[in-house]
Amino acid sequence: MDMIENLIITIVKPLISQPDKLTIKIEDTPEFLEYHLDLDKSDIGRVIGRKGRTISAIRTIVYSVPTTDKKVRLVIDEK
């Protein structure tokens with residue numbers, strides 16, 4: 001696990017009711033390093049928050065981590 005993945009897990013796990021169903025898939029695209037969060041359907045709203053404030057705050061923290069090559073992108077996968 002890399003540093004950004006650990007950071008995402010540390011922030012998101014306390015927010016959700018079913019942390020055992022949290023998985024993160026990493027996709028390496030030409031422009032971005034995308035971290036796809038796969039959550040239980042009932043936890044998606046908890047991570048997004050009212051008017052997207054929670055996910056916006058999480059993204060601000062994650063995007064502030066310095067990277068060398070590519071920009072980081074955090075995506076919530078909806079089933």
# chains A, B, ... in the order shown; residues from 1 in each chain; ligands from 1
>>> closest_atom_pairs(of="segment 14-40 of chain A", to="segment 57-60 of chain A", cutoff="12 Å", atoms="only C-alpha atoms", output="CSV")
residue,atom,partner,partner_atom,distance
A:Leu15,CA,A:Ile58,CA,11.2
A:Glu34,CA,A:Arg59,CA,11.9
A:Tyr35,CA,A:Arg59,CA,10.9
>>> select_by_dssp(residues="chain A", states="helix (DSSP H, G or I)", output="JSON, numbers by chain")
{"A": [3, 4, 5, 6, 7, 8, 9, 10, 11, 12, 13, 14, 15, 19, 20, 21, 41, 42, 43, 44, 45, 46, 47, 48, 50, 51, 52, 53, 54, 55, 56, 57, 58, 59, 60, 61, 62, 63]}
>>> write_last_selection(atoms="N, CA and C atoms", output="JSON list (two decimals), in the first residue's frame")
[["chain", "number", "residue", "atom", "x", "y", "z"],
["A", 3, "MET", "N", 1.37, 5.54, 0.29],
["A", 3, "MET", "CA", 1.05, 6.55, 1.29],
["A", 3, "MET", "C", -0.34, 7.17, 1.07],
["A", 4, "ILE", "N", -0.69, 7.44, -0.16],
["A", 4, "ILE", "CA", -1.98, 8.06, -0.46],
["A", 4, "ILE", "C", -3.12, 7.10, -0.15],
["A", 5, "GLU", "N", -2.96, 5.83, -0.47],
["A", 5, "GLU", "CA", -3.99, 4.84, -0.18],
["A", 5, "GLU", "C", -4.20, 4.71, 1.33],
["A", 6, "ASN", "N", -3.12, 4.71, 2.09],
["A", 6, "ASN", "CA", -3.23, 4.67, 3.55],
["A", 6, "ASN", "C", -3.94, 5.90, 4.10],
["A", 7, "LEU", "N", -3.64, 7.04, 3.53],
["A", 7, "LEU", "CA", -4.29, 8.28, 3.95],
["A", 7, "LEU", "C", -5.79, 8.23, 3.70],
["A", 8, "ILE", "N", -6.19, 7.75, 2.53],
["A", 8, "ILE", "CA", -7.61, 7.64, 2.19],
["A", 8, "ILE", "C", -8.31, 6.69, 3.16],
["A", 9, "ILE", "N", -7.71, 5.56, 3.42],
["A", 9, "ILE", "CA", -8.31, 4.58, 4.34],
["A", 9, "ILE", "C", -8.44, 5.18, 5.74],
["A", 10, "THR", "N", -7.41, 5.88, 6.19],
["A", 10, "THR", "CA", -7.43, 6.49, 7.52],
["A", 10, "THR", "C", -8.54, 7.52, 7.65],
["A", 11, "ILE", "N", -8.81, 8.26, 6.61],
["A", 11, "ILE", "CA", -9.85, 9.29, 6.66],
["A", 11, "ILE", "C", -11.24, 8.69, 6.51],
["A", 12, "VAL", "N", -11.42, 7.76, 5.58],
["A", 12, "VAL", "CA", -12.75, 7.28, 5.21],
["A", 12, "VAL", "C", -13.30, 6.23, 6.19],
["A", 13, "LYS", "N", -12.46, 5.34, 6.70],
["A", 13, "LYS", "CA", -12.96, 4.25, 7.55],
["A", 13, "LYS", "C", -13.79, 4.71, 8.74],
["A", 14, "PRO", "N", -13.39, 5.74, 9.49],
["A", 14, "PRO", "CA", -14.22, 6.16, 10.62],
["A", 14, "PRO", "C", -15.57, 6.76, 10.21],
["A", 15, "LEU", "N", -15.71, 7.17, 8.97],
["A", 15, "LEU", "CA", -16.95, 7.80, 8.51],
["A", 15, "LEU", "C", -18.03, 6.80, 8.12],
["A", 19, "PRO", "N", -16.90, -0.65, 7.34],
["A", 19, "PRO", "CA", -15.54, -0.46, 6.85],
["A", 19, "PRO", "C", -14.93, -1.70, 6.21],
["A", 20, "ASP", "N", -15.48, -2.88, 6.49],
["A", 20, "ASP", "CA", -14.94, -4.10, 5.89],
["A", 20, "ASP", "C", -15.24, -4.18, 4.39],
["A", 21, "LYS", "N", -16.20, -3.41, 3.92],
["A", 21, "LYS", "CA", -16.55, -3.43, 2.49],
["A", 21, "LYS", "C", -15.82, -2.34, 1.69],
["A", 41, "LYS", "N", -23.40, 0.62, -0.57],
["A", 41, "LYS", "CA", -24.33, 1.63, -1.07],
["A", 41, "LYS", "C", -24.80, 2.59, 0.02],
["A", 42, "SER", "N", -24.99, 2.08, 1.24],
["A", 42, "SER", "CA", -25.48, 2.92, 2.33],
["A", 42, "SER", "C", -24.43, 3.91, 2.83],
["A", 43, "ASP", "N", -23.17, 3.69, 2.51],
["A", 43, "ASP", "CA", -22.10, 4.56, 3.01],
["A", 43, "ASP", "C", -21.71, 5.66, 2.03],
["A", 44, "ILE", "N", -22.19, 5.61, 0.81],
["A", 44, "ILE", "CA", -21.80, 6.60, -0.19],
["A", 44, "ILE", "C", -22.21, 8.01, 0.26],
["A", 45, "GLY", "N", -23.42, 8.15, 0.77],
["A", 45, "GLY", "CA", -23.89, 9.45, 1.23],
["A", 45, "GLY", "C", -23.08, 9.98, 2.39],
["A", 46, "ARG", "N", -22.62, 9.09, 3.25],
["A", 46, "ARG", "CA", -21.80, 9.52, 4.39],
["A", 46, "ARG", "C", -20.48, 10.11, 3.93],
["A", 47, "VAL", "N", -19.89, 9.52, 2.91],
["A", 47, "VAL", "CA", -18.60, 10.00, 2.42],
["A", 47, "VAL", "C", -18.77, 11.28, 1.60],
["A", 48, "ILE", "N", -19.85, 11.38, 0.86],
["A", 48, "ILE", "CA", -20.08, 12.59, 0.06],
["A", 48, "ILE", "C", -20.45, 13.77, 0.97],
["A", 50, "ARG", "N", -23.21, 16.47, 3.08],
["A", 50, "ARG", "CA", -24.18, 17.46, 2.60],
["A", 50, "ARG", "C", -23.53, 18.40, 1.60],
["A", 51, "LYS", "N", -24.17, 18.50, 0.46],
["A", 51, "LYS", "CA", -23.70, 19.35, -0.64],
["A", 51, "LYS", "C", -22.26, 19.04, -1.04],
["A", 52, "GLY", "N", -21.80, 17.81, -0.76],
["A", 52, "GLY", "CA", -20.47, 17.39, -1.17],
["A", 52, "GLY", "C", -19.34, 17.95, -0.33],
["A", 53, "ARG", "N", -19.66, 18.45, 0.83],
["A", 53, "ARG", "CA", -18.63, 19.09, 1.66],
["A", 53, "ARG", "C", -17.61, 18.09, 2.19],
["A", 54, "THR", "N", -18.06, 16.90, 2.58],
["A", 54, "THR", "CA", -17.14, 15.92, 3.15],
["A", 54, "THR", "C", -16.15, 15.42, 2.10],
["A", 55, "ILE", "N", -16.66, 15.03, 0.93],
["A", 55, "ILE", "CA", -15.75, 14.54, -0.11],
["A", 55, "ILE", "C", -14.84, 15.65, -0.60],
["A", 56, "SER", "N", -15.32, 16.86, -0.60],
["A", 56, "SER", "CA", -14.49, 17.99, -1.00],
["A", 56, "SER", "C", -13.33, 18.18, -0.01],
["A", 57, "ALA", "N", -13.61, 18.04, 1.27],
["A", 57, "ALA", "CA", -12.56, 18.16, 2.28],
["A", 57, "ALA", "C", -11.56, 17.02, 2.17],
["A", 58, "ILE", "N", -12.07, 15.81, 1.93],
["A", 58, "ILE", "CA", -11.19, 14.64, 1.77],
["A", 58, "ILE", "C", -10.28, 14.84, 0.56],
["A", 59, "ARG", "N", -10.87, 15.29, -0.54],
["A", 59, "ARG", "CA", -10.07, 15.52, -1.75],
["A", 59, "ARG", "C", -9.02, 16.59, -1.53],
["A", 60, "THR", "N", -9.35, 17.64, -0.80],
["A", 60, "THR", "CA", -8.38, 18.70, -0.52],
["A", 60, "THR", "C", -7.17, 18.13, 0.22],
["A", 61, "ILE", "N", -7.42, 17.28, 1.19],
["A", 61, "ILE", "CA", -6.32, 16.68, 1.95],
["A", 61, "ILE", "C", -5.50, 15.74, 1.07],
["A", 62, "VAL", "N", -6.19, 14.88, 0.32],
["A", 62, "VAL", "CA", -5.49, 13.91, -0.52],
["A", 62, "VAL", "C", -4.71, 14.59, -1.63],
["A", 63, "TYR", "N", -5.28, 15.61, -2.23],
["A", 63, "TYR", "CA", -4.61, 16.30, -3.34],
["A", 63, "TYR", "C", -3.42, 17.13, -2.87]]
>>> atom_distance(atom1="atom CA of Leu39 of chain A", atom2="atom CA of Lys25 of chain A")
11.3 Å
>>> select_by_dssp(residues="chain A", states="strand (DSSP E)", output="PyMOL selection string")
chain A and resi 23-28+32-38+71-77
>>> atom_distance(atom1="atom CA of Lys70 of chain A", atom2="atom CA of Glu27 of chain A")
11.8 Å
>>> atom_distance(atom1="atom CA of Ile76 of chain A", atom2="atom CA of Leu37 of chain A")
4.8 Å
>>> residues_around(residues="Leu33 of chain A", least_positions_apart="4", cutoff="9 Å", atoms="only C-alpha atoms", output="ChimeraX atom specification")
/A:26-29,70-74
>>> closest_residue(among="A:Glu78, A:Asp2, A:Ile24, A:Asp38", to="Val65 of chain A", atoms="only C-alpha atoms")
A:Asp2
